[in-house]
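**Q** Have a peek at model-v6.pdb (PDB, C-alpha atoms, pLDDT in the B column).
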ATOM      1  CA  MET Z   1    -117.454-109.541  70.974  1.00 56.00           C
ATOM      2  CA  THR Z   2    -114.477-111.000  72.875  1.00 68.00           C
ATOM      3  CA  ARG Z   3    -112.150-108.451  71.303  1.00 66.00           C
ATOM      4  CA  ARG Z   4    -114.401-105.529  72.362  1.00 66.00           C
ATOM      5  CA  LEU Z   5    -114.680-106.934  75.867  1.00 64.00           C
ATOM      6  CA  SER Z   6    -110.893-107.274  76.243  1.00 66.00           C
ATOM      7  CA  THR Z   7    -110.412-103.714  74.925  1.00 70.00           C
ATOM      8  CA  LEU Z   8    -112.991-102.412  77.399  1.00 68.00           C
ATOM      9  CA  VAL Z   9    -111.373-104.280  80.308  1.00 67.00           C
ATOM     10  CA  GLY Z  10    -107.935-102.922  79.306  1.00 67.00           C
ATOM     11  CA  ALA Z  11    -109.266 -99.360  79.100  1.00 63.00           C
ATOM     12  CA  LEU Z  12    -110.924 -99.672  82.515  1.00 63.00           C
ATOM     13  CA  ALA Z  13    -107.723-101.052  84.033  1.00 66.00           C
ATOM     14  CA  LEU Z  14    -105.747 -98.145  82.573  1.00 60.00           C
ATOM     15  CA  LEU Z  15    -108.265 -95.603  83.943  1.00 61.00           C
ATOM     16  CA  ALA Z  16    -108.178 -97.231  87.398  1.00 63.00           C
ATOM     17  CA  THR Z  17    -104.379 -97.066  87.400  1.00 63.00           C
ATOM     18  CA  LEU Z  18    -104.327 -93.421  86.309  1.00 56.00           C
ATOM     19  CA  ALA Z  19    -106.943 -92.471  88.912  1.00 60.00           C
ATOM     20  CA  HIS Z  20    -104.600 -93.593  91.706  1.00 62.00           C
ATOM     21  CA  ALA Z  21    -101.377 -92.224  90.201  1.00 54.00           C
ATOM     22  CA  GLN Z  22     -99.530 -89.569  92.187  1.00 56.00           C
ATOM     23  CA  PRO Z  23     -97.770 -86.718  90.406  1.00 54.00           C
ATOM     24  CA  ALA Z  24     -93.971 -86.893  90.415  1.00 44.00           C
ATOM     25  CA  LEU Z  25     -92.592 -83.798  92.111  1.00 45.00           C
ATOM     26  CA  ALA Z  26     -88.949 -82.819  92.130  1.00 44.00           C
ATOM     27  CA  ASP Z  27     -87.486 -82.351  95.593  1.00 51.00           C
ATOM     28  CA  ALA Z  28     -85.182 -79.317  95.739  1.00 52.00           C
ATOM     29  CA  ARG Z  29     -83.771 -80.231  99.161  1.00 59.00           C
ATOM     30  CA  GLY Z  30     -80.041 -80.703  98.888  1.00 82.00           C
ATOM     31  CA  VAL Z  31     -79.538 -78.498  95.821  1.00 92.00           C
ATOM     32  CA  GLY Z  32     -76.808 -75.983  96.577  1.00 94.00           C
ATOM     33  CA  LEU Z  33     -75.840 -72.583  95.210  1.00 96.00           C
ATOM     34  CA  GLY Z  34     -72.241 -71.658  95.831  1.00 96.00           C
ATOM     35  CA  VAL Z  35     -69.476 -69.186  95.277  1.00 97.00           C
ATOM     36  CA  ALA Z  36     -65.758 -69.985  95.351  1.00 97.00           C
ATOM     37  CA  ALA Z  37     -62.437 -68.162  95.165  1.00 97.00           C
ATOM     38  CA  GLY Z  38     -58.909 -69.445  94.962  1.00 96.00           C
ATOM     39  CA  VAL Z  39     -55.834 -69.746  92.834  1.00 95.00           C
ATOM     40  CA  ASP Z  40     -55.064 -71.210  89.402  1.00 92.00           C
ATOM     41  CA  MET Z  41     -51.569 -72.644  88.912  1.00 90.00           C
ATOM     42  CA  TYR Z  42     -50.709 -73.432  85.317  1.00 85.00           C
ATOM     43  CA  LYS Z  43     -47.848 -74.480  83.127  1.00 79.00           C
ATOM     44  CA  HIS Z  44     -47.574 -74.964  79.405  1.00 67.00           C
ATOM     45  CA  GLN Z  45     -44.782 -76.550  77.395  1.00 63.00           C
ATOM     46  CA  SER Z  46     -41.720 -74.339  77.941  1.00 58.00           C
ATOM     47  CA  ILE Z  47     -43.054 -71.704  80.346  1.00 60.00           C
ATOM     48  CA  ASP Z  48     -42.463 -71.944  84.102  1.00 65.00           C
ATOM     49  CA  LEU Z  49     -45.273 -72.435  86.600  1.00 71.00           C
ATOM     50  CA  LYS Z  50     -47.416 -69.311  86.986  1.00 82.00           C
ATOM     51  CA  THR Z  51     -50.400 -68.401  89.163  1.00 86.00           C
ATOM     52  CA  SER Z  52     -53.484 -66.218  88.960  1.00 89.00           C
ATOM     53  CA  PHE Z  53     -56.512 -65.408  91.107  1.00 93.00           C
ATOM     54  CA  SER Z  54     -59.602 -67.451  90.293  1.00 94.00           C
ATOM     55  CA  TRP Z  55     -63.262 -67.226  91.288  1.00 96.00           C
ATOM     56  CA  GLY Z  56     -66.686 -68.395  90.163  1.00 96.00           C
ATOM     57  CA  PHE Z  57     -70.190 -69.671  90.801  1.00 96.00           C
ATOM     58  CA  PHE Z  58     -71.764 -73.117  90.684  1.00 95.00           C
ATOM     59  CA  VAL Z  59     -74.878 -75.188  91.336  1.00 95.00           C
ATOM     60  CA  ASP Z  60     -74.588 -78.487  93.230  1.00 93.00           C
ATOM     61  CA  ILE Z  61     -77.343 -80.896  92.115  1.00 94.00           C
ATOM     62  CA  PRO Z  62     -77.668 -84.233  93.941  1.00 93.00           C
ATOM     63  CA  LEU Z  63     -78.898 -87.049  91.726  1.00 92.00           C
ATOM     64  CA  LEU Z  64     -78.255 -89.647  94.439  1.00 88.00           C
ATOM     65  CA  ASN Z  65     -77.055 -89.334  98.017  1.00 84.00           C
ATOM     66  CA  THR Z  66     -73.522 -90.060  96.776  1.00 90.00           C
ATOM     67  CA  PHE Z  67     -73.535 -88.662  93.203  1.00 93.00           C
ATOM     68  CA  TYR Z  68     -73.763 -84.970  92.239  1.00 94.00           C
ATOM     69  CA  ILE Z  69     -73.550 -83.030  89.004  1.00 96.00           C
ATOM     70  CA  THR Z  70     -72.196 -79.522  89.327  1.00 95.00           C
ATOM     71  CA  PRO Z  71     -72.327 -77.013  86.478  1.00 97.00           C
ATOM     72  CA  ALA Z  72     -69.862 -74.196  87.174  1.00 96.00           C
ATOM     73  CA  ALA Z  73     -68.468 -70.990  85.673  1.00 96.00           C
ATOM     74  CA  MET Z  74     -64.933 -70.094  86.786  1.00 95.00           C
ATOM     75  CA  VAL Z  75     -62.906 -66.993  85.797  1.00 96.00           C
ATOM     76  CA  TYR Z  76     -59.100 -66.767  85.909  1.00 93.00           C
ATOM     77  CA  GLU Z  77     -56.089 -65.577  83.873  1.00 89.00           C
ATOM     78  CA  LEU Z  78     -53.641 -67.467  81.674  1.00 83.00           C
ATOM     79  CA  GLY Z  79     -50.259 -66.025  80.730  1.00 74.00           C
ATOM     80  CA  GLU Z  80     -48.494 -66.394  77.441  1.00 67.00           C
ATOM     81  CA  GLY Z  81     -45.050 -64.875  77.876  1.00 65.00           C
ATOM     82  CA  ASP Z  82     -45.426 -61.477  79.579  1.00 71.00           C
ATOM     83  CA  ALA Z  83     -49.106 -61.011  78.659  1.00 77.00           C
ATOM     84  CA  LYS Z  84     -52.049 -62.367  80.651  1.00 82.00           C
ATOM     85  CA  VAL Z  85     -55.395 -63.214  79.080  1.00 86.00           C
ATOM     86  CA  ALA Z  86     -58.691 -63.517  80.977  1.00 91.00           C
ATOM     87  CA  ALA Z  87     -60.193 -66.997  80.586  1.00 91.00           C
ATOM     88  CA  THR Z  88     -63.530 -68.468  81.630  1.00 94.00           C
ATOM     89  CA  ASP Z  89     -64.207 -72.168  82.137  1.00 95.00           C
ATOM     90  CA  ILE Z  90     -67.722 -73.513  81.829  1.00 96.00           C
ATOM     91  CA  ASP Z  91     -67.547 -76.911  83.540  1.00 95.00           C
ATOM     92  CA  LEU Z  92     -69.763 -79.865  84.190  1.00 96.00           C
ATOM     93  CA  ASN Z  93     -68.390 -81.723  87.212  1.00 96.00           C
ATOM     94  CA  PHE Z  94     -69.453 -85.241  88.149  1.00 97.00           C
ATOM     95  CA  LYS Z  95     -68.751 -85.763  91.871  1.00 95.00           C
ATOM     96  CA  PHE Z  96     -68.888 -89.020  93.808  1.00 96.00           C
ATOM     97  CA  ILE Z  97     -69.383 -88.076  97.477  1.00 92.00           C
ATOM     98  CA  VAL Z  98     -68.917 -90.095 100.668  1.00 92.00           C
ATOM     99  CA  PRO Z  99     -71.154 -88.411 103.274  1.00 87.00           C
ATOM    100  CA  LEU Z 100     -69.554 -88.596 106.751  1.00 89.00           C
ATOM    101  CA  HIS Z 101     -71.840 -86.126 108.530  1.00 83.00           C
ATOM    102  CA  PRO Z 102     -70.901 -83.273 108.963  1.00 87.00           C
ATOM    103  CA  LEU Z 103     -68.089 -83.921 106.428  1.00 93.00           C
ATOM    104  CA  SER Z 104     -68.409 -84.803 102.746  1.00 92.00           C
ATOM    105  CA  ILE Z 105     -65.391 -86.241 100.977  1.00 95.00           C
ATOM    106  CA  GLY Z 106     -65.392 -86.828  97.252  1.00 95.00           C
ATOM    107  CA  ALA Z 107     -63.646 -87.256  93.939  1.00 98.00           C
ATOM    108  CA  GLY Z 108     -64.812 -86.830  90.404  1.00 97.00           C
ATOM    109  CA  VAL Z 109     -64.247 -85.880  86.804  1.00 98.00           C
ATOM    110  CA  THR Z 110     -64.749 -82.603  84.982  1.00 97.00           C
ATOM    111  CA  ALA Z 111     -65.171 -81.551  81.361  1.00 97.00           C
ATOM    112  CA  GLY Z 112     -66.095 -78.307  79.686  1.00 96.00           C
ATOM    113  CA  LEU Z 113     -65.204 -75.359  77.492  1.00 95.00           C
ATOM    114  CA  THR Z 114     -62.662 -72.580  77.965  1.00 93.00           C
ATOM    115  CA  THR Z 115     -63.255 -69.220  76.310  1.00 92.00           C
ATOM    116  CA  GLY Z 116     -61.367 -65.935  76.243  1.00 87.00           C
ATOM    117  CA  LEU Z 117     -58.375 -67.235  74.307  1.00 83.00           C
ATOM    118  CA  GLY Z 118     -59.762 -66.237  70.917  1.00 82.00           C
ATOM    119  CA  ASP Z 119     -61.946 -69.306  70.439  1.00 88.00           C
ATOM    120  CA  TYR Z 120     -63.687 -72.088  72.375  1.00 92.00           C
ATOM    121  CA  TYR Z 121     -61.388 -74.880  73.550  1.00 93.00           C
ATOM    122  CA  GLY Z 122     -62.317 -78.098  75.333  1.00 93.00           C
ATOM    123  CA  HIS Z 123     -60.784 -79.180  78.627  1.00 95.00           C
ATOM    124  CA  TYR Z 124     -61.076 -82.244  80.861  1.00 96.00           C
ATOM    125  CA  GLY Z 125     -59.707 -83.393  84.190  1.00 97.00           C
ATOM    126  CA  VAL Z 126     -60.212 -84.778  87.682  1.00 98.00           C
ATOM    127  CA  LEU Z 127     -61.148 -83.233  91.030  1.00 97.00           C
ATOM    128  CA  GLY Z 128     -61.055 -83.755  94.780  1.00 97.00           C
ATOM    129  CA  TYR Z 129     -63.651 -82.313  97.192  1.00 96.00           C
ATOM    130  CA  LEU Z 130     -63.983 -81.760 100.942  1.00 97.00           C
ATOM    131  CA  GLY Z 131     -67.107 -80.140 102.388  1.00 94.00           C
ATOM    132  CA  TRP Z 132     -68.190 -79.350 105.939  1.00 94.00           C
ATOM    133  CA  ASN Z 133     -71.772 -78.606 106.995  1.00 92.00           C
ATOM    134  CA  LEU Z 134     -71.629 -75.551 109.316  1.00 92.00           C
ATOM    135  CA  VAL Z 135     -75.352 -75.274 110.059  1.00 90.00           C
ATOM    136  CA  ALA Z 136     -78.511 -76.821 108.625  1.00 85.00           C
ATOM    137  CA  ASN Z 137     -78.232 -75.383 105.110  1.00 89.00           C
ATOM    138  CA  LEU Z 138     -74.826 -73.701 104.952  1.00 94.00           C
ATOM    139  CA  ASP Z 139     -71.664 -75.561 103.900  1.00 94.00           C
ATOM    140  CA  VAL Z 140     -68.052 -74.524 103.437  1.00 96.00           C
ATOM    141  CA  PHE Z 141     -65.816 -76.484 101.103  1.00 96.00           C
ATOM    142  CA  ALA Z 142     -62.424 -76.870  99.470  1.00 97.00           C
ATOM    143  CA  MET Z 143     -61.970 -78.289  95.988  1.00 96.00           C
ATOM    144  CA  VAL Z 144     -58.922 -78.991  93.832  1.00 97.00           C
ATOM    145  CA  GLN Z 145     -59.224 -79.591  90.083  1.00 96.00           C
ATOM    146  CA  TYR Z 146     -56.618 -80.693  87.554  1.00 95.00           C
ATOM    147  CA  LYS Z 147     -57.593 -79.605  84.030  1.00 93.00           C
ATOM    148  CA  ARG Z 148     -55.867 -80.332  80.741  1.00 92.00           C
ATOM    149  CA  LEU Z 149     -56.422 -77.653  78.085  1.00 88.00           C
ATOM    150  CA  THR Z 150     -55.037 -77.511  74.538  1.00 85.00           C
ATOM    151  CA  ALA Z 151     -55.385 -74.037  73.052  1.00 81.00           C
ATOM    152  CA  ARG Z 152     -53.604 -72.590  69.999  1.00 76.00           C
ATOM    153  CA  SER Z 153     -51.235 -75.576  69.859  1.00 77.00           C
ATOM    154  CA  LEU Z 154     -50.204 -75.070  73.516  1.00 77.00           C
ATOM    155  CA  ASP Z 155     -50.950 -77.704  76.153  1.00 82.00           C
ATOM    156  CA  TYR Z 156     -51.869 -76.151  79.513  1.00 83.00           C
ATOM    157  CA  ASN Z 157     -51.800 -78.157  82.722  1.00 87.00           C
ATOM    158  CA  ASN Z 158     -54.006 -76.246  85.189  1.00 88.00           C
ATOM    159  CA  ILE Z 159     -54.465 -76.869  88.892  1.00 92.00           C
ATOM    160  CA  HIS Z 160     -57.375 -74.903  90.353  1.00 93.00           C
ATOM    161  CA  ALA Z 161     -57.629 -74.759  94.161  1.00 96.00           C
ATOM    162  CA  TYR Z 162     -60.825 -73.225  95.570  1.00 95.00           C
ATOM    163  CA  GLY Z 163     -62.476 -72.534  98.870  1.00 97.00           C
ATOM    164  CA  GLY Z 164     -65.989 -71.225  99.283  1.00 97.00           C
ATOM    165  CA  GLY Z 165     -69.457 -71.355 100.710  1.00 97.00           C
ATOM    166  CA  MET Z 166     -72.639 -73.033  99.594  1.00 95.00           C
ATOM    167  CA  PHE Z 167     -76.284 -72.446 100.535  1.00 95.00           C
ATOM    168  CA  ARG Z 168     -78.397 -75.622 100.354  1.00 90.00           C
ATOM    169  CA  PHE Z 169     -82.164 -75.515  99.836  1.00 87.00           C
TER     170      PHE Z 169
END
Represent the structure of the file as structure tokens.

**A**
Amino acid sequence: MTRRLSTLVGALALLATLAHAQPALADARGVGLGVAAGVDMYKHQSIDLKTSFSWGFFVDIPLLNTFYITPAAMVYELGEGDAKVAATDIDLNFKFIVPLHPLSIGAGVTAGLTTGLGDYYGHYGVLGYLGWNLVANLDVFAMVQYKRLTARSLDYNNIHAYGGGMFRF
């Protein structure tokens, strides 16, 4: 009888707890959709520094007030001798932001895949970020990324410099 009574009391306690539980809702405030354009400067082993136009899209997702993850797709060109090849980076950026309203200053790390060079190649690197809140939900920003890419036995050192705008929900 004691076992049944303890089971009944436990079940009633669980039901009472569930009756007062509130649903967990995600808050989309602060999530940003952005577009950026800039320049890619790159060098690999014996070839001099070269540049190409670069642009792309991204989503800025705040996990904390000072920590964001930012998936991004960036398009640019890489040269091998006289030929240029279109390349696309799919990145996952991890940004640590210091909010100094209306400025946001940050640094972070990036990792992802590069395609367009005949196969998928991994890249990794670091980044610096500066954002400025123009109005309630519109930001402008500048970001610089250093990426290390090894493709077809060539080591590329890429510096991507972007400027752009971001709409925050």

**Q** Find the residues around stretch 49-55 of chain Z up to 10 Å (all atoms listed in the file counted), leave out those fewer than 3 positions away in its own chain, and share them as an MDAnalysis selection string.

**A** chainID Z and resid 35:44 46 73:79 84 86:88 157:164

**Q** Any idea what the distance is between atom CA of Z:Pro99 and atom CA of Z:Ala72?

**A**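 Those two atoms sit 21.5 Å apart.
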
**Q** Evaluating the PyMOL selection byres ((chain Z and resi 92) around 8) on the displayed file yields which residues, as a list in words?

**A**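 Matching residues under the PyMOL selection byres ((chain Z and resi 92) around 8) are Ile69, Thr70, Pro71, Ala72, Ile90, Asp91, Asn93, Phe94, Thr110, Ala111 and Gly112 of chain Z.
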
**Q** For atom CA of Z:Leu113 and atom CA of Z:Leu149, quote the distance in Å rounded to one decimal.

**A**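 Computing the Euclidean distance for atom CA of Z:Leu113 and atom CA of Z:Leu149 yields 9.1 Å.
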
**Q** What do you get, as a list in words, if you spell out every residue that the PyMOL selection byres ((chain Z and resi 104) around 10) selects here?

**A**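 For this structure, the PyMOL selection byres ((chain Z and resi 104) around 10) resolves to Thr66, Phe96, Ile97, Val98, Pro99, Leu100, His101, Pro102, Leu103, Ile105, Gly106, Tyr129, Leu130, Gly131, Trp132, Asn133, Asp139 and Phe141 of chain Z.
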
**Q** If I take atom CA of Z:Leu134 and atom CA of Z:Val109, how far is one from the other in Å, to one decimal?

**A**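 Taking atom CA of Z:Leu134 as the start and atom CA of Z:Val109 as the end point, the length is 25.8 Å.
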
**Q** For Z:Ala136, please output as a ChimeraX atom specification all residues within 12 Å (counting only C-alpha atoms; exclusion window: fewer than 4 positions along the same chain).

**A** /Z:29-30,101-102,132,140,166-169

**Q** Using only C-alpha atoms, which residue out of Z:Asn65, Z:Thr115, Z:Asn137, Z:Thr150 lies closest to Z:Gly165?

**A** Z:Asn137

**Q** I need the output of the PyMOL selection byres ((chain Z and resi 152) around 10) for this file as a compact mmCIF listing (two decimals) with C-alpha atoms, keeping the file's coordinate frame; which residues are they?

**A**
# COMPACT_ATOMS: atom_id res chain seq x y z
CA LEU Z 117 -58.38 -67.24 74.31
CA GLY Z 118 -59.76 -66.24 70.92
CA ASP Z 119 -61.95 -69.31 70.44
CA TYR Z 121 -61.39 -74.88 73.55
CA LEU Z 149 -56.42 -77.65 78.08
CA THR Z 150 -55.04 -77.51 74.54
CA ALA Z 151 -55.38 -74.04 73.05
CA SER Z 153 -51.24 -75.58 69.86
CA LEU Z 154 -50.20 -75.07 73.52
CA ASP Z 155 -50.95 -77.70 76.15
